Amino acid sequence: MGYVKANFLHGMDLPGFAAINPAVQVWLESVANVRLHRDTHRRPVDLWAEERVHLQAVNPRLYDVGRVLTLRADRQFRVTFEGNRYSVPARFAGTRVTVKAYPDRLCIYRDEELIARHTRSFDRRQDIEDTDHAKALVAQRRHAQDAQTLKRFLGLSPLAERYQAGLLERRGNAMAHVRKIVALAQIHGDEAVTRAMADALAFEAFSSEYIAHLIDARTRQLPEASPLLLMHHQDVLELELPPADMSAYADLATPKGESHGSV
């Protein structure tokens, strides 16, 4: 180091490393490594050629400088580290995990399996979340809510099971109609929805819109409700119309003063 300071760096205004590195490479090749060393009386470039064949390869695996901690994920599937909260997949809520903190990232493991990776934050009170971590929990909760909604729907009337079968057959998203019908029961009462469902079955009209149409008609005391036409492309193709009566057009085509029997 003394030789480098006295020979290469002596009197130099130190620039950035981008400028020093090329300069030191030229200095090594033209001065330091080709001089006659004072103690060995040989050139360093010649000694390096003999020594390098005996050197071992550098370990290809970089030394792991991560700070290792064992923490517990809370009920909100978050791990708290240095005042910030980092998400893990929802299924690991309440479990102990291993956290490796690096200068730029945070890696979270469960039984040596990497389950989460986040950019490290040096702020405080931040909630760092991977949106994929909550998807399974959201799907599970939605499934549970749908199960409760379907149970409520089937409890409206003995006819509800038949109506659900019609929804499954006729509608692309039957559960959406079930949710809306249950919502109508909460607004107008079970009796109104049950009566509308019975009429809808008679008309073979399966949709939450039709149930709402019947309830609205009776609420406003309109004449007895009739089928609400909800046309779809397939329904239009299946329409059967009677033959058209063309007699009115025949009368129009006859000139004035002439009868149908004239020659």
# chains A, B, ... in the order shown; residues from 1 in each chain; ligands from 1
call {"tool": "select_by_dssp", "arguments": {"residues": "range 116-209 of chain A", "states": "strand (DSSP E)", "output": "PyMOL selection string"}}
result
chain A and resi 116-119+127-128
call {"tool": "select_by_dssp", "arguments": {"residues": "range 21-53 of chain A", "states": "helix (DSSP H, G or I)", "output": "PyMOL selection string"}}
result
chain A and resi 21-30+32-34+44-53
call {"tool": "write_last_selection", "arguments": {"atoms": "C-alpha atoms", "output": "tab-separated table (two decimals), in the first residue's frame"}}
result
chain	number	residue	atom	x	y	z
A	21	ASN	CA	-9.68	2.03	-12.58
A	22	PRO	CA	-8.43	2.50	-16.18
A	23	ALA	CA	-5.55	4.62	-14.93
A	24	VAL	CA	-4.36	2.06	-12.38
A	25	GLN	CA	-4.55	-0.68	-15.03
A	26	VAL	CA	-2.18	1.28	-17.28
A	27	TRP	CA	0.12	1.94	-14.28
A	28	LEU	CA	0.25	-1.76	-13.40
A	29	GLU	CA	1.09	-2.84	-16.95
A	30	SER	CA	3.66	-0.10	-17.63
A	32	ALA	CA	4.40	-1.61	-11.16
A	33	ASN	CA	4.38	-5.12	-12.61
A	34	VAL	CA	7.35	-4.75	-14.96
A	44	PRO	CA	6.01	-9.07	-10.38
A	45	VAL	CA	4.58	-9.98	-13.81
A	46	ASP	CA	6.88	-13.02	-13.95
A	47	LEU	CA	6.11	-14.06	-10.37
A	48	TRP	CA	2.37	-13.78	-11.06
A	49	ALA	CA	2.63	-16.15	-14.04
A	50	GLU	CA	4.21	-18.80	-11.77
A	51	GLU	CA	1.84	-18.26	-8.83
A	52	ARG	CA	-1.49	-18.17	-10.61
A	53	VAL	CA	-1.41	-21.85	-11.63
call {"tool": "residues_around", "arguments": {"residues": "Lys151 in chain A", "least_positions_apart": "2", "cutoff": "12 Å", "atoms": "only C-alpha atoms", "output": "PyMOL selection string"}}
result
chain A and resi 144-149+153-157+160-161+164+175+178-179+182
call {"tool": "closest_residue", "arguments": {"among": "A:Thr70, A:Asn59, A:Thr98, A:Ser121", "to": "Arg85 in chain A", "atoms": "only C-alpha atoms"}}
result
A:Ser121
call {"tool": "residues_around", "arguments": {"residues": "Ala101 in chain A", "least_positions_apart": "2", "cutoff": "10 Å", "atoms": "only C-alpha atoms", "output": "PyMOL selection string"}}
result
chain A and resi 65-69+81+98-99+103-108+118-120
call {"tool": "write_last_selection", "arguments": {"atoms": "C-alpha atoms", "output": "PDB file, in the first residue's frame"}}
result
ATOM      1  CA  VAL A  65     -24.511 -11.406   4.102  1.00  0.00           C
ATOM      2  CA  GLY A  66     -28.195 -11.415   5.017  1.00  0.00           C
ATOM      3  CA  ARG A  67     -29.192 -10.752   8.607  1.00  0.00           C
ATOM      4  CA  VAL A  68     -31.201 -13.776   9.753  1.00  0.00           C
ATOM      5  CA  LEU A  69     -34.167 -13.492  12.123  1.00  0.00           C
ATOM      6  CA  PHE A  81     -39.407  -5.752  10.667  1.00  0.00           C
ATOM      7  CA  THR A  98     -37.268 -17.012   8.777  1.00  0.00           C
ATOM      8  CA  VAL A  99     -36.434 -13.524   7.542  1.00  0.00           C
ATOM      9  CA  PRO A 103     -29.391  -3.999   2.171  1.00  0.00           C
ATOM     10  CA  ASP A 104     -31.836  -3.858  -0.752  1.00  0.00           C
ATOM     11  CA  ARG A 105     -34.385  -6.621  -0.121  1.00  0.00           C
ATOM     12  CA  LEU A 106     -36.161  -8.796   2.419  1.00  0.00           C
ATOM     13  CA  CYS A 107     -36.503 -12.547   1.798  1.00  0.00           C
ATOM     14  CA  ILE A 108     -38.929 -14.590   3.890  1.00  0.00           C
ATOM     15  CA  HIS A 118     -39.912  -7.558  -0.958  1.00  0.00           C
ATOM     16  CA  THR A 119     -37.861  -4.458  -1.630  1.00  0.00           C
ATOM     17  CA  ARG A 120     -36.559  -3.327   1.752  1.00  0.00           C
TER      18      ARG A 120
END
call {"tool": "closest_residue", "arguments": {"among": "A:Tyr109, A:Arg162, A:Ala136, A:Ile215", "to": "Asp190 in chain A", "atoms": "only C-alpha atoms"}}
result
A:Ile215
call {"tool": "closest_residue", "arguments": {"among": "A:Val58, A:Arg43, A:Phe206, A:Arg195", "to": "Leu168 in chain A", "atoms": "only C-alpha atoms"}}
result
A:Phe206
call {"tool": "residues_around", "arguments": {"residues": "Arg171 in chain A", "least_positions_apart": "4", "cutoff": "12 Å", "atoms": "only C-alpha atoms", "output": "ChimeraX atom specification"}}
result
/A:163-167,175-178,205-209,230,232
call {"tool": "write_last_selection", "arguments": {"atoms": "C-alpha atoms", "output": "PDB file, in the first residue's frame"}}
result
ATOM      1  CA  TYR A 163     -85.661 -21.840  -9.627  1.00  0.00           C
ATOM      2  CA  GLN A 164     -81.937 -22.250  -8.993  1.00  0.00           C
ATOM      3  CA  ALA A 165     -81.856 -25.169 -11.442  1.00  0.00           C
ATOM      4  CA  GLY A 166     -83.476 -22.908 -14.050  1.00  0.00           C
ATOM      5  CA  LEU A 167     -80.909 -20.193 -13.380  1.00  0.00           C
ATOM      6  CA  MET A 175     -74.852 -17.028  -8.503  1.00  0.00           C
ATOM      7  CA  ALA A 176     -75.056 -13.334  -9.397  1.00  0.00           C
ATOM      8  CA  HIS A 177     -78.830 -13.687  -9.845  1.00  0.00           C
ATOM      9  CA  VAL A 178     -79.078 -15.570  -6.543  1.00  0.00           C
ATOM     10  CA  ALA A 205     -88.619 -16.746 -16.658  1.00  0.00           C
ATOM     11  CA  PHE A 206     -85.360 -17.199 -14.798  1.00  0.00           C
ATOM     12  CA  SER A 207     -83.581 -13.991 -13.812  1.00  0.00           C
ATOM     13  CA  SER A 208     -83.291 -11.617 -10.880  1.00  0.00           C
ATOM     14  CA  GLU A 209     -84.542  -8.808 -13.171  1.00  0.00           C
ATOM     15  CA  LEU A 230     -85.789 -10.653 -21.740  1.00  0.00           C
ATOM     16  CA  HIS A 232     -81.463 -13.078 -26.147  1.00  0.00           C
TER      17      HIS A 232
END
call {"tool": "decode", "arguments": {"residues": "range 208-222 of chain A", "atoms": "N, CA and C atoms", "output": "PDB file, in the first residue's frame"}}
result
ATOM      1  N   SER A 208     -83.009 -12.511 -12.002  1.00  0.00           N
ATOM      2  CA  SER A 208     -83.291 -11.617 -10.880  1.00  0.00           C
ATOM      3  C   SER A 208     -84.060 -10.387 -11.366  1.00  0.00           C
ATOM      4  N   GLU A 209     -83.823  -9.963 -12.627  1.00  0.00           N
ATOM      5  CA  GLU A 209     -84.542  -8.808 -13.171  1.00  0.00           C
ATOM      6  C   GLU A 209     -86.044  -9.081 -13.250  1.00  0.00           C
ATOM      7  N   TYR A 210     -86.410 -10.312 -13.593  1.00  0.00           N
ATOM      8  CA  TYR A 210     -87.829 -10.626 -13.701  1.00  0.00           C
ATOM      9  C   TYR A 210     -88.481 -10.658 -12.316  1.00  0.00           C
ATOM     10  N   ILE A 211     -87.793 -11.205 -11.338  1.00  0.00           N
ATOM     11  CA  ILE A 211     -88.302 -11.184  -9.959  1.00  0.00           C
ATOM     12  C   ILE A 211     -88.512  -9.741  -9.506  1.00  0.00           C
ATOM     13  N   ALA A 212     -87.543  -8.885  -9.799  1.00  0.00           N
ATOM     14  CA  ALA A 212     -87.678  -7.468  -9.429  1.00  0.00           C
ATOM     15  C   ALA A 212     -88.845  -6.824 -10.163  1.00  0.00           C
ATOM     16  N   HIS A 213     -89.063  -7.186 -11.435  1.00  0.00           N
ATOM     17  CA  HIS A 213     -90.172  -6.647 -12.220  1.00  0.00           C
ATOM     18  C   HIS A 213     -91.514  -7.014 -11.588  1.00  0.00           C
ATOM     19  N   LEU A 214     -91.676  -8.262 -11.167  1.00  0.00           N
ATOM     20  CA  LEU A 214     -92.929  -8.692 -10.553  1.00  0.00           C
ATOM     21  C   LEU A 214     -93.160  -7.995  -9.221  1.00  0.00           C
ATOM     22  N   ILE A 215     -92.129  -7.898  -8.413  1.00  0.00           N
ATOM     23  CA  ILE A 215     -92.274  -7.230  -7.113  1.00  0.00           C
ATOM     24  C   ILE A 215     -92.636  -5.772  -7.302  1.00  0.00           C
ATOM     25  N   ASP A 216     -91.980  -5.099  -8.269  1.00  0.00           N
ATOM     26  CA  ASP A 216     -92.245  -3.688  -8.520  1.00  0.00           C
ATOM     27  C   ASP A 216     -93.677  -3.486  -9.005  1.00  0.00           C
ATOM     28  N   ALA A 217     -94.148  -4.383  -9.870  1.00  0.00           N
ATOM     29  CA  ALA A 217     -95.509  -4.245 -10.393  1.00  0.00           C
ATOM     30  C   ALA A 217     -96.535  -4.353  -9.270  1.00  0.00           C
ATOM     31  N   ARG A 218     -96.327  -5.301  -8.365  1.00  0.00           N
ATOM     32  CA  ARG A 218     -97.298  -5.475  -7.280  1.00  0.00           C
ATOM     33  C   ARG A 218     -97.164  -4.363  -6.238  1.00  0.00           C
ATOM     34  N   THR A 219     -95.960  -3.863  -6.045  1.00  0.00           N
ATOM     35  CA  THR A 219     -95.764  -2.775  -5.082  1.00  0.00           C
ATOM     36  C   THR A 219     -96.507  -1.531  -5.527  1.00  0.00           C
ATOM     37  N   ARG A 220     -96.494  -1.275  -6.839  1.00  0.00           N
ATOM     38  CA  ARG A 220     -97.191  -0.084  -7.372  1.00  0.00           C
ATOM     39  C   ARG A 220     -98.648  -0.374  -7.714  1.00  0.00           C
ATOM     40  N   GLN A 221     -99.132  -1.600  -7.350  1.00  0.00           N
ATOM     41  CA  GLN A 221    -100.523  -2.003  -7.556  1.00  0.00           C
ATOM     42  C   GLN A 221    -100.932  -1.862  -9.016  1.00  0.00           C
ATOM     43  N   LEU A 222    -100.056  -2.339  -9.891  1.00  0.00           N
ATOM     44  CA  LEU A 222    -100.368  -2.342 -11.313  1.00  0.00           C
ATOM     45  C   LEU A 222    -101.223  -3.564 -11.628  1.00  0.00           C
TER      46      LEU A 222
END
